[in-house]
>>> print(open('model_24.pdb').read())   # PDB, C-alpha atoms
ATOM      1  CA  MET A 138      72.299  -2.854  26.667
ATOM      2  CA  LEU A 139      72.558  -6.249  25.042
ATOM      3  CA  VAL A 140      69.379  -7.048  23.136
ATOM      4  CA  SER A 141      68.206 -10.364  21.716
ATOM      5  CA  VAL A 142      64.955 -10.893  19.809
ATOM      6  CA  ALA A 143      63.066 -13.966  18.632
ATOM      7  CA  THR A 144      59.716 -14.380  16.909
ATOM      8  CA  ALA A 145      57.706 -17.349  15.645
ATOM      9  CA  PRO A 146      54.345 -17.415  13.856
ATOM     10  CA  ASN A 147      51.382 -19.533  14.702
ATOM     11  CA  PRO A 148      52.484 -22.650  12.740
ATOM     12  CA  GLY A 149      51.136 -22.537   9.212
ATOM     13  CA  ARG A 150      50.043 -18.913   9.488
ATOM     14  CA  THR A 151      51.555 -15.521   8.618
ATOM     15  CA  ASN A 152      53.263 -13.833  11.553
ATOM     16  CA  GLU A 153      51.284 -10.767  12.666
ATOM     17  CA  ASP A 154      53.808  -9.801  15.357
ATOM     18  CA  PHE A 155      56.584  -7.279  14.710
ATOM     19  CA  ALA A 156      59.659  -6.258  16.695
ATOM     20  CA  ILE A 157      62.499  -3.855  16.055
ATOM     21  CA  ALA A 158      65.312  -3.101  18.492
ATOM     22  CA  SER A 159      68.508  -1.205  19.176
ATOM     23  CA  PRO A 160      70.652  -1.276  22.321
ATOM     24  CA  GLU A 161      68.551   1.598  23.712
ATOM     25  CA  THR A 162      65.054   1.028  22.292
ATOM     26  CA  VAL A 163      62.688  -1.883  21.712
ATOM     27  CA  VAL A 164      59.356  -1.606  19.897
ATOM     28  CA  LEU A 165      57.068  -4.640  19.800
ATOM     29  CA  LEU A 166      53.612  -4.985  18.224
ATOM     30  CA  ASP A 167      51.037  -7.766  18.128
ATOM     31  CA  GLY A 168      48.550  -7.327  15.293
ATOM     32  CA  ALA A 169      44.965  -8.356  15.958
ATOM     33  CA  GLY A 170      44.162 -11.449  13.937
ATOM     34  CA  LEU A 171      40.650 -11.850  12.548
ATOM     35  CA  PRO A 172      38.689 -14.833  11.210
ATOM     36  CA  SER A 173      39.562 -15.710   7.609
ATOM     37  CA  GLY A 174      37.552 -13.927   4.967
ATOM     38  CA  MET A 175      36.446 -11.051   7.170
ATOM     39  CA  ASP A 176      36.362  -7.688   5.391
ATOM     40  CA  THR A 177      38.755  -5.240   7.074
ATOM     41  CA  GLY A 178      38.451  -2.388   4.602
ATOM     42  CA  CYS A 179      42.257  -2.461   4.266
ATOM     43  CA  THR A 180      43.919  -3.730   1.093
ATOM     44  CA  HIS A 181      47.263  -4.199   2.878
ATOM     45  CA  GLY A 182      46.455  -6.446   5.839
ATOM     46  CA  VAL A 183      47.619  -6.785   9.431
ATOM     47  CA  PRO A 184      51.286  -7.775   8.739
ATOM     48  CA  TRP A 185      51.754  -4.628   6.632
ATOM     49  CA  PHE A 186      50.090  -2.502   9.307
ATOM     50  CA  VAL A 187      52.298  -3.707  12.173
ATOM     51  CA  ARG A 188      55.457  -3.300  10.078
ATOM     52  CA  ALA A 189      54.510   0.228   9.014
ATOM     53  CA  LEU A 190      53.401   1.320  12.470
ATOM     54  CA  GLY A 191      56.289  -0.378  14.260
ATOM     55  CA  ALA A 192      58.919   1.177  11.990
ATOM     56  CA  SER A 193      57.334   4.603  12.437
ATOM     57  CA  ILE A 194      57.228   4.291  16.230
ATOM     58  CA  PHE A 195      60.874   3.229  16.283
ATOM     59  CA  LYS A 196      61.883   6.178  14.118
ATOM     60  CA  HIS A 197      60.084   8.663  16.350
ATOM     61  CA  ALA A 198      61.321   7.066  19.587
ATOM     62  CA  THR A 199      64.968   6.943  18.512
ATOM     63  CA  GLU A 200      65.221  10.279  16.706
ATOM     64  CA  ARG A 201      63.200  12.531  19.024
ATOM     65  CA  PRO A 202      63.324  13.380  22.738
ATOM     66  CA  ALA A 203      59.512  13.443  22.853
ATOM     67  CA  ALA A 204      57.471  11.418  25.345
ATOM     68  CA  LEU A 205      56.655   7.873  24.226
ATOM     69  CA  THR A 206      52.937   8.696  24.088
ATOM     70  CA  GLU A 207      53.691  11.511  21.655
ATOM     71  CA  CYS A 208      55.908   9.252  19.558
ATOM     72  CA  LEU A 209      53.124   6.659  19.407
ATOM     73  CA  ALA A 210      50.456   9.227  18.548
ATOM     74  CA  ASP A 211      52.513  10.656  15.691
ATOM     75  CA  ALA A 212      53.265   7.165  14.386
ATOM     76  CA  ILE A 213      49.571   6.188  14.434
ATOM     77  CA  ASP A 214      48.750   9.383  12.554
ATOM     78  CA  SER A 215      51.460   8.955   9.922
ATOM     79  CA  THR A 216      50.595   5.282   9.378
ATOM     80  CA  ALA A 217      46.924   6.144   8.901
ATOM     81  CA  ARG A 218      47.913   8.733   6.312
ATOM     82  CA  LEU A 219      49.918   6.081   4.432
ATOM     83  CA  HIS A 220      46.803   4.126   3.487
ATOM     84  CA  ALA A 221      43.894   6.525   4.006
ATOM     85  CA  GLY A 222      43.667   7.039   0.259
ATOM     86  CA  THR A 223      43.363   3.349  -0.564
ATOM     87  CA  CYS A 224      41.613   1.837   2.446
ATOM     88  CA  ASP A 225      38.440   2.349   4.465
ATOM     89  CA  LEU A 226      39.868   3.340   7.836
ATOM     90  CA  GLY A 227      36.347   3.755   9.188
ATOM     91  CA  ASN A 228      35.717   0.022   8.870
ATOM     92  CA  PRO A 229      35.467  -1.348  12.448
ATOM     93  CA  MET A 230      37.601  -4.324  11.365
ATOM     94  CA  THR A 231      40.480  -2.117  10.212
ATOM     95  CA  PRO A 232      43.895  -3.505  11.283
ATOM     96  CA  THR A 233      44.837  -2.848  14.908
ATOM     97  CA  SER A 234      47.732  -3.730  17.168
ATOM     98  CA  THR A 235      48.998  -3.796  20.707
ATOM     99  CA  VAL A 236      52.111  -1.690  21.348
ATOM    100  CA  ALA A 237      54.939  -2.109  23.846
ATOM    101  CA  ILE A 238      57.980   0.174  23.932
ATOM    102  CA  VAL A 239      61.000   0.426  26.202
ATOM    103  CA  ARG A 240      63.607   3.139  25.814
ATOM    104  CA  VAL A 241      66.773   4.275  27.526
ATOM    105  CA  ARG A 242      66.851   8.067  27.669
ATOM    106  CA  GLY A 243      69.541   9.690  29.766
ATOM    107  CA  ASP A 244      69.447   8.154  33.228
ATOM    108  CA  ALA A 245      65.885   6.869  32.819
ATOM    109  CA  PHE A 246      64.465   3.586  31.554
ATOM    110  CA  GLU A 247      61.046   4.404  30.057
ATOM    111  CA  TRP A 248      58.219   2.085  29.115
ATOM    112  CA  LEU A 249      54.846   2.243  27.373
ATOM    113  CA  VAL A 250      52.208  -0.473  27.025
ATOM    114  CA  LEU A 251      48.984  -0.282  25.020
ATOM    115  CA  ALA A 252      46.796  -3.404  25.342
ATOM    116  CA  ASP A 253      48.006  -6.866  26.284
ATOM    117  CA  SER A 254      51.633  -7.098  25.266
ATOM    118  CA  THR A 255      53.827  -7.107  28.378
ATOM    119  CA  VAL A 256      56.902  -5.275  29.642
ATOM    120  CA  VAL A 257      58.765  -7.046  32.448
ATOM    121  CA  LEU A 258      61.414  -5.257  34.514
ATOM    122  CA  SER A 259      63.922  -7.044  36.712
ATOM    123  CA  LEU A 260      64.720  -4.594  39.518
ATOM    124  CA  PRO A 261      66.925  -5.059  42.595
ATOM    125  CA  ASP A 262      64.006  -5.797  44.950
ATOM    126  CA  ARG A 263      61.236  -7.034  42.666
ATOM    127  CA  ILE A 264      59.982  -8.086  39.226
ATOM    128  CA  ASP A 265      57.429  -5.709  37.681
ATOM    129  CA  ALA A 266      55.155  -6.864  34.839
ATOM    130  CA  ILE A 267      53.075  -4.257  33.014
ATOM    131  CA  ALA A 268      50.205  -5.134  30.668
ATOM    132  CA  ASP A 269      46.604  -4.109  30.080
ATOM    133  CA  HIS A 270      44.299  -7.123  29.783
ATOM    134  CA  GLN A 271      41.061  -5.253  29.076
ATOM    135  CA  VAL A 272      40.803  -6.954  25.651
ATOM    136  CA  SER A 273      40.531 -10.428  27.149
ATOM    137  CA  GLN A 274      38.251  -9.161  29.924
ATOM    138  CA  VAL A 275      35.878  -7.721  27.314
ATOM    139  CA  THR A 276      35.936 -10.957  25.303
ATOM    140  CA  ASP A 277      35.297 -13.095  28.394
ATOM    141  CA  ARG A 278      32.354 -10.897  29.343
ATOM    142  CA  GLN A 279      30.906 -11.071  25.837
ATOM    143  CA  ARG A 280      31.194 -14.872  25.755
ATOM    144  CA  VAL A 281      28.955 -14.971  28.814
ATOM    145  CA  GLU A 282      26.518 -12.343  27.526
ATOM    146  CA  MET A 283      26.287 -14.035  24.096
ATOM    147  CA  ALA A 284      26.285 -17.622  25.378
ATOM    148  CA  ALA A 285      22.837 -18.497  24.030
ATOM    149  CA  GLU A 286      23.613 -17.070  20.584
ATOM    150  CA  LEU A 287      27.077 -18.663  20.382
ATOM    151  CA  LYS A 288      25.811 -22.100  21.410
ATOM    152  CA  SER A 289      23.988 -22.536  18.109
ATOM    153  CA  LEU A 290      27.010 -21.568  15.972
ATOM    154  CA  GLY A 291      30.001 -23.488  14.640
ATOM    155  CA  GLU A 292      33.501 -22.552  15.799
ATOM    156  CA  ALA A 293      34.238 -20.300  12.798
ATOM    157  CA  GLU A 294      30.901 -18.547  13.147
ATOM    158  CA  ARG A 295      31.491 -18.048  16.885
ATOM    159  CA  ARG A 296      34.820 -16.383  16.216
ATOM    160  CA  THR A 297      33.235 -14.065  13.651
ATOM    161  CA  ALA A 298      30.373 -13.122  15.977
ATOM    162  CA  LEU A 299      32.762 -12.434  18.854
ATOM    163  CA  ALA A 300      35.073 -10.383  16.631
ATOM    164  CA  HIS A 301      32.182  -8.166  15.542
ATOM    165  CA  ALA A 302      31.007  -7.725  19.136
ATOM    166  CA  GLN A 303      34.510  -7.001  20.403
ATOM    167  CA  ARG A 304      35.152  -4.318  17.792
ATOM    168  CA  GLN A 305      32.011  -2.463  18.895
ATOM    169  CA  LEU A 306      33.833  -1.675  22.143
ATOM    170  CA  MET A 307      37.257  -0.987  20.611
ATOM    171  CA  ASN A 308      38.796   2.294  21.759
ATOM    172  CA  THR A 309      35.902   3.201  24.029
ATOM    173  CA  ALA A 310      35.782   3.846  27.761
ATOM    174  CA  GLU A 311      33.497   0.823  28.170
ATOM    175  CA  GLY A 312      35.863  -1.452  26.272
ATOM    176  CA  TYR A 313      39.573  -1.529  25.528
ATOM    177  CA  TRP A 314      42.286   0.498  23.809
ATOM    178  CA  VAL A 315      44.569  -0.495  20.927
ATOM    179  CA  ALA A 316      46.539   1.244  18.181
ATOM    180  CA  ALA A 317      44.386   1.681  15.078
ATOM    181  CA  THR A 318      43.759   4.989  13.279
ATOM    182  CA  ASP A 319      43.119   7.536  16.057
ATOM    183  CA  PRO A 320      46.288   9.168  17.489
ATOM    184  CA  GLU A 321      44.444  10.098  20.675
ATOM    185  CA  THR A 322      44.393   6.450  21.787
ATOM    186  CA  ALA A 323      48.101   6.820  22.623
ATOM    187  CA  GLU A 324      47.043   8.767  25.713
ATOM    188  CA  GLN A 325      45.352   5.621  27.043
ATOM    189  CA  SER A 326      48.684   3.790  27.240
ATOM    190  CA  LEU A 327      50.201   2.669  30.506
ATOM    191  CA  THR A 328      53.498   4.524  30.914
ATOM    192  CA  GLY A 329      56.264   4.961  33.438
ATOM    193  CA  GLU A 330      59.967   5.065  34.057
ATOM    194  CA  VAL A 331      62.528   3.863  36.571
ATOM    195  CA  PRO A 332      66.142   4.929  37.148
ATOM    196  CA  LEU A 333      68.300   3.216  34.567
ATOM    197  CA  PRO A 334      70.873   1.871  37.083
ATOM    198  CA  THR A 335      68.118  -0.137  38.806
ATOM    199  CA  VAL A 336      67.224  -2.130  35.678
ATOM    200  CA  GLN A 337      69.095  -5.411  35.722
ATOM    201  CA  ALA A 338      67.168  -6.820  32.758
ATOM    202  CA  ALA A 339      63.959  -6.198  30.837
ATOM    203  CA  ALA A 340      61.729  -8.278  28.602
ATOM    204  CA  VAL A 341      59.026  -7.310  26.122
ATOM    205  CA  LEU A 342      56.584 -10.048  25.070
ATOM    206  CA  THR A 343      53.475 -10.472  22.963
ATOM    207  CA  ASP A 344      50.662 -12.371  24.671
ATOM    208  CA  GLY A 345      51.503 -15.469  22.654
ATOM    209  CA  ALA A 346      54.925 -15.550  24.312
ATOM    210  CA  ALA A 347      53.536 -14.811  27.780
ATOM    211  CA  ARG A 348      51.136 -17.773  27.812
ATOM    212  CA  ALA A 349      53.156 -19.856  30.273
ATOM    213  CA  VAL A 350      52.561 -17.136  32.885
ATOM    214  CA  ASP A 351      49.319 -15.411  31.916
ATOM    215  CA  ASP A 352      47.226 -18.233  30.433
ATOM    216  CA  PHE A 353      48.746 -21.525  31.619
ATOM    217  CA  ALA A 354      50.011 -20.362  35.049
ATOM    218  CA  VAL A 355      52.793 -22.958  35.088
ATOM    219  CA  MET A 356      55.402 -20.374  36.042
ATOM    220  CA  GLY A 357      55.704 -16.822  37.345
ATOM    221  CA  TRP A 358      57.488 -13.801  35.945
ATOM    222  CA  PRO A 359      60.669 -14.443  37.994
ATOM    223  CA  ASP A 360      60.780 -17.956  36.473
ATOM    224  CA  LEU A 361      60.341 -16.579  32.961
ATOM    225  CA  MET A 362      63.101 -14.007  33.472
ATOM    226  CA  SER A 363      65.397 -16.783  34.696
ATOM    227  CA  GLN A 364      64.484 -18.818  31.631
ATOM    228  CA  LEU A 365      65.395 -15.852  29.436
ATOM    229  CA  GLU A 366      68.772 -15.540  31.143
ATOM    230  CA  THR A 367      69.614 -19.176  30.467
ATOM    231  CA  GLY A 368      67.858 -19.939  27.174
ATOM    232  CA  GLY A 369      67.155 -16.546  25.665
ATOM    233  CA  PRO A 370      64.005 -15.605  23.733
ATOM    234  CA  HIS A 371      64.183 -18.740  21.567
ATOM    235  CA  GLY A 372      64.090 -20.854  24.722
ATOM    236  CA  VAL A 373      60.967 -19.112  26.018
ATOM    237  CA  ILE A 374      59.156 -19.530  22.707
ATOM    238  CA  GLY A 375      60.245 -23.167  22.462
ATOM    239  CA  HIS A 376      58.940 -23.883  25.950
ATOM    240  CA  THR A 377      55.643 -22.203  25.079
ATOM    241  CA  ARG A 378      55.271 -24.386  21.987
ATOM    242  CA  GLU A 379      55.937 -27.518  24.064
ATOM    243  CA  LEU A 380      53.186 -26.539  26.490
ATOM    244  CA  GLU A 381      50.752 -25.853  23.652
ATOM    245  CA  ARG A 382      51.517 -29.167  21.954
ATOM    246  CA  SER A 383      50.886 -30.985  25.242
ATOM    247  CA  ASP A 384      47.277 -29.760  25.152
ATOM    248  CA  PRO A 385      46.224 -29.891  21.474
ATOM    249  CA  GLN A 386      42.513 -30.199  22.295
ATOM    250  CA  ARG A 387      42.684 -27.094  24.523
ATOM    251  CA  ARG A 388      41.077 -28.870  27.455
ATOM    252  CA  ARG A 389      43.657 -28.217  30.162
ATOM    253  CA  TRP A 390      44.079 -24.613  29.062
ATOM    254  CA  PRO A 391      40.958 -23.418  27.201
ATOM    255  CA  ARG A 392      41.915 -20.888  24.519
ATOM    256  CA  SER A 393      40.612 -19.673  21.183
ATOM    257  CA  LYS A 394      43.511 -21.197  19.233
ATOM    258  CA  CYS A 395      46.055 -23.884  20.017
ATOM    259  CA  HIS A 396      49.057 -21.730  19.063
ATOM    260  CA  ASP A 397      49.617 -18.007  18.678
ATOM    261  CA  ASP A 398      52.300 -15.800  17.199
ATOM    262  CA  ALA A 399      55.007 -15.383  19.846
ATOM    263  CA  THR A 400      57.666 -12.668  20.054
ATOM    264  CA  VAL A 401      60.172 -11.834  22.803
ATOM    265  CA  ALA A 402      62.817  -9.132  23.149
ATOM    266  CA  PHE A 403      65.262  -9.425  26.052
ATOM    267  CA  MET A 404      67.557  -6.646  27.287
ATOM    268  CA  GLN A 405      70.469  -7.195  29.666
ATOM    269  CA  ARG A 406      72.975  -4.829  31.146
ATOM    270  CA  GLU A 407      76.604  -5.256  30.203
ATOM    271  CA  PRO A 408      79.750  -4.245  32.101
ATOM    272  CA  GLU A 409      80.791  -1.644  29.535
ATOM    273  CA  GLY A 410      77.609   0.402  30.040
ATOM    274  CA  LEU A 411      75.079   1.133  27.348
ATOM    275  CA  LEU A 412      77.175   0.263  24.317
ATOM    276  CA  GLY A 413      75.903  -3.066  23.150
ATOM    277  CA  LYS A 414      75.200  -5.226  20.217
ATOM    278  CA  ARG A 415      72.157  -6.838  18.739
ATOM    279  CA  ARG A 416      72.169 -10.606  18.579
TER     280      ARG A 416
END
>>> encode(input="model_24.pdb", output="structure tokens")
Amino acid sequence: MLVSVATAPNPGRTNEDFAIASPETVVLLDGAGLPSGMDTGCTHGVPWFVRALGASIFKHATERPAALTECLADAIDSTARLHAGTCDLGNPMTPTSTVAIVRVRGDAFEWLVLADSTVVLSLPDRIDAIADHQVSQVTDRQRVEMAAELKSLGEAERRTALAHAQRQLMNTAEGYWVAATDPETAEQSLTGEVPLPTVQAAAVLTDGAARAVDDFAVMGWPDLMSQLETGGPHGVIGHTRELERSDPQRRRWPRSKCHDDATVAFMQREPEGLLGKRR
């Protein structure tokens, strides 16, 4: 398939997204940003973590016929081993990431989603969008539960308090699931497959690139897929930035930060079959 990828950081910040792609496989990660100065126990940081984990997932997914959950579990394990000797992986603020994978294997188009990155499939009779929004649901609930405490804090202090509270529920049945240090969390991923001939196009997006649909509700997934067909991933990210800049005070669309890292991978079928090129 033809694959195009674009990524853009939150302006003025380091990009904590990561994507790697071939004509048959796309791996996309969105590292969990934390308030500045917060101790994570990791000397490497979130950008290193998503690069290391993403590269490992891609290697497993492209070189092995194993299920995507197994590929993810092995990649989480091997990445943890890379820095277990130098970092405190038991720190609740240790780097974490969402994971989204799509893979062509034989006559099947497989997908995996862990946390709130999104896989969108354009099928003959429908558009399917797969994501797990438990992270935002947990945060919204905690904002209500902690309202009295948060009211007396400044914005930076509120973010720190919410981050600590959120991490208490990380990778628990009462909370949400992300890729961190425990390989068993891979089993909590949403997974599935459809016959390859039915996939007309597919997109993989971090939540920062899905804002126009998920957070701003100014368009639906069919609209976004059409936008990808005409303007590609750069067009989707550009449109997202325009929307964000139109609401700098975050009044129309309340959100924790004006901009976010945004990454999109777009796959399209080509007449020749599966042989494609990366643009």
>>> residues_around(input="model_24.pdb", residues="stretch 160-171 of chain A", least_positions_apart="4", cutoff="9 Å", atoms="all atoms listed in the file", output="NGL selection string")
:A and (138-140 or 152-156 or 175 or 177 or 183-184 or 186-188 or 190-192 or 194-195 or 198-199 or 230 or 232-242 or 253-254 or 296-297 or 300 or 341-345 or 398-402 or 404 or 411-415)
>>> resolve_selection(input="model_24.pdb", expression="the PyMOL selection byres ((chain A and resi 213) around 8)", output="list of chain:residue names")
A:Leu190, A:Leu209, A:Ala210, A:Asp211, A:Ala212, A:Asp214, A:Ser215, A:Thr216, A:Ala217, A:Ala316, A:Ala317, A:Thr318, A:Asp319, A:Pro320
>>> closest_atom_pairs(input="model_24.pdb", of="stretch 313-401 of chain A", to="stretch 263-266 of chain A", cutoff="9 Å", atoms="all atoms listed in the file", output="CSV")
residue,atom,partner,partner_atom,distance
A:Trp358,CA,A:Ile264,CA,7.0
A:Pro359,CA,A:Ile264,CA,6.5
A:Met362,CA,A:Ile264,CA,8.8
>>> resolve_selection(input="model_24.pdb", expression="the PyMOL selection byres ((chain A and resi 369) around 9)", output="list in words")
Ser141, Val142, Ala143, Gln364, Leu365, Glu366, Thr367, Gly368, Pro370, His371, Gly372, Val373, Val401, Ala402 and Phe403 of chain A
>>> atom_distance(input="model_24.pdb", atom1="atom CA of A:Leu258", atom2="atom CA of A:Pro332")
11.5 Å
>>> resolve_selection(input="model_24.pdb", expression="the PyMOL selection byres ((chain A and resi 228) around 10)", output="PyMOL selection string")
chain A and resi 176-179+224-227+229-232+304
>>> decode(input="model_24.pdb", residues="stretch 298-312 of chain A", atoms="N, CA, C and O atoms", output="compact mmCIF listing (two decimals), in the first residue's frame")
# COMPACT_ATOMS: atom_id res chain seq x y z
N ALA A 298 -0.96 17.86 40.15
CA ALA A 298 -1.86 17.08 41.01
C ALA A 298 -2.65 16.07 40.21
O ALA A 298 -2.82 14.90 40.63
N LEU A 299 -3.14 16.47 39.04
CA LEU A 299 -3.90 15.55 38.20
C LEU A 299 -3.02 14.43 37.65
O LEU A 299 -3.45 13.28 37.55
N ALA A 300 -1.78 14.76 37.31
CA ALA A 300 -0.86 13.74 36.79
C ALA A 300 -0.60 12.67 37.86
O ALA A 300 -0.61 11.46 37.57
N HIS A 301 -0.38 13.10 39.09
CA HIS A 301 -0.16 12.14 40.17
C HIS A 301 -1.39 11.27 40.38
O HIS A 301 -1.29 10.04 40.54
N ALA A 302 -2.57 11.88 40.38
CA ALA A 302 -3.80 11.12 40.59
C ALA A 302 -4.04 10.14 39.45
O ALA A 302 -4.43 8.98 39.67
N GLN A 303 -3.81 10.60 38.22
CA GLN A 303 -4.02 9.75 37.06
C GLN A 303 -3.12 8.52 37.09
O GLN A 303 -3.57 7.40 36.82
N ARG A 304 -1.86 8.72 37.45
CA ARG A 304 -0.92 7.60 37.45
C ARG A 304 -1.26 6.55 38.52
O ARG A 304 -0.81 5.41 38.42
N GLN A 305 -2.02 6.92 39.53
CA GLN A 305 -2.43 5.94 40.53
C GLN A 305 -3.35 4.88 39.93
O GLN A 305 -3.45 3.77 40.45
N LEU A 306 -4.02 5.23 38.83
CA LEU A 306 -4.94 4.30 38.19
C LEU A 306 -4.39 3.71 36.90
O LEU A 306 -5.09 2.98 36.20
N MET A 307 -3.14 4.04 36.58
CA MET A 307 -2.52 3.54 35.34
C MET A 307 -2.37 2.03 35.39
O MET A 307 -1.91 1.45 36.37
N ASN A 308 -2.80 1.39 34.30
CA ASN A 308 -2.68 -0.07 34.15
C ASN A 308 -3.34 -0.82 35.30
O ASN A 308 -2.77 -1.76 35.87
N THR A 309 -4.56 -0.38 35.61
CA THR A 309 -5.41 -1.07 36.58
C THR A 309 -6.80 -1.23 35.97
O THR A 309 -7.20 -0.47 35.08
N ALA A 310 -7.54 -2.20 36.49
CA ALA A 310 -8.89 -2.44 35.98
C ALA A 310 -9.81 -1.26 36.24
O ALA A 310 -10.79 -1.06 35.52
N GLU A 311 -9.53 -0.48 37.28
CA GLU A 311 -10.35 0.68 37.60
C GLU A 311 -9.95 1.92 36.80
O GLU A 311 -10.64 2.95 36.89
N GLY A 312 -8.87 1.83 36.06
CA GLY A 312 -8.35 3.00 35.37
C GLY A 312 -8.22 2.82 33.88
O GLY A 312 -9.22 2.67 33.16
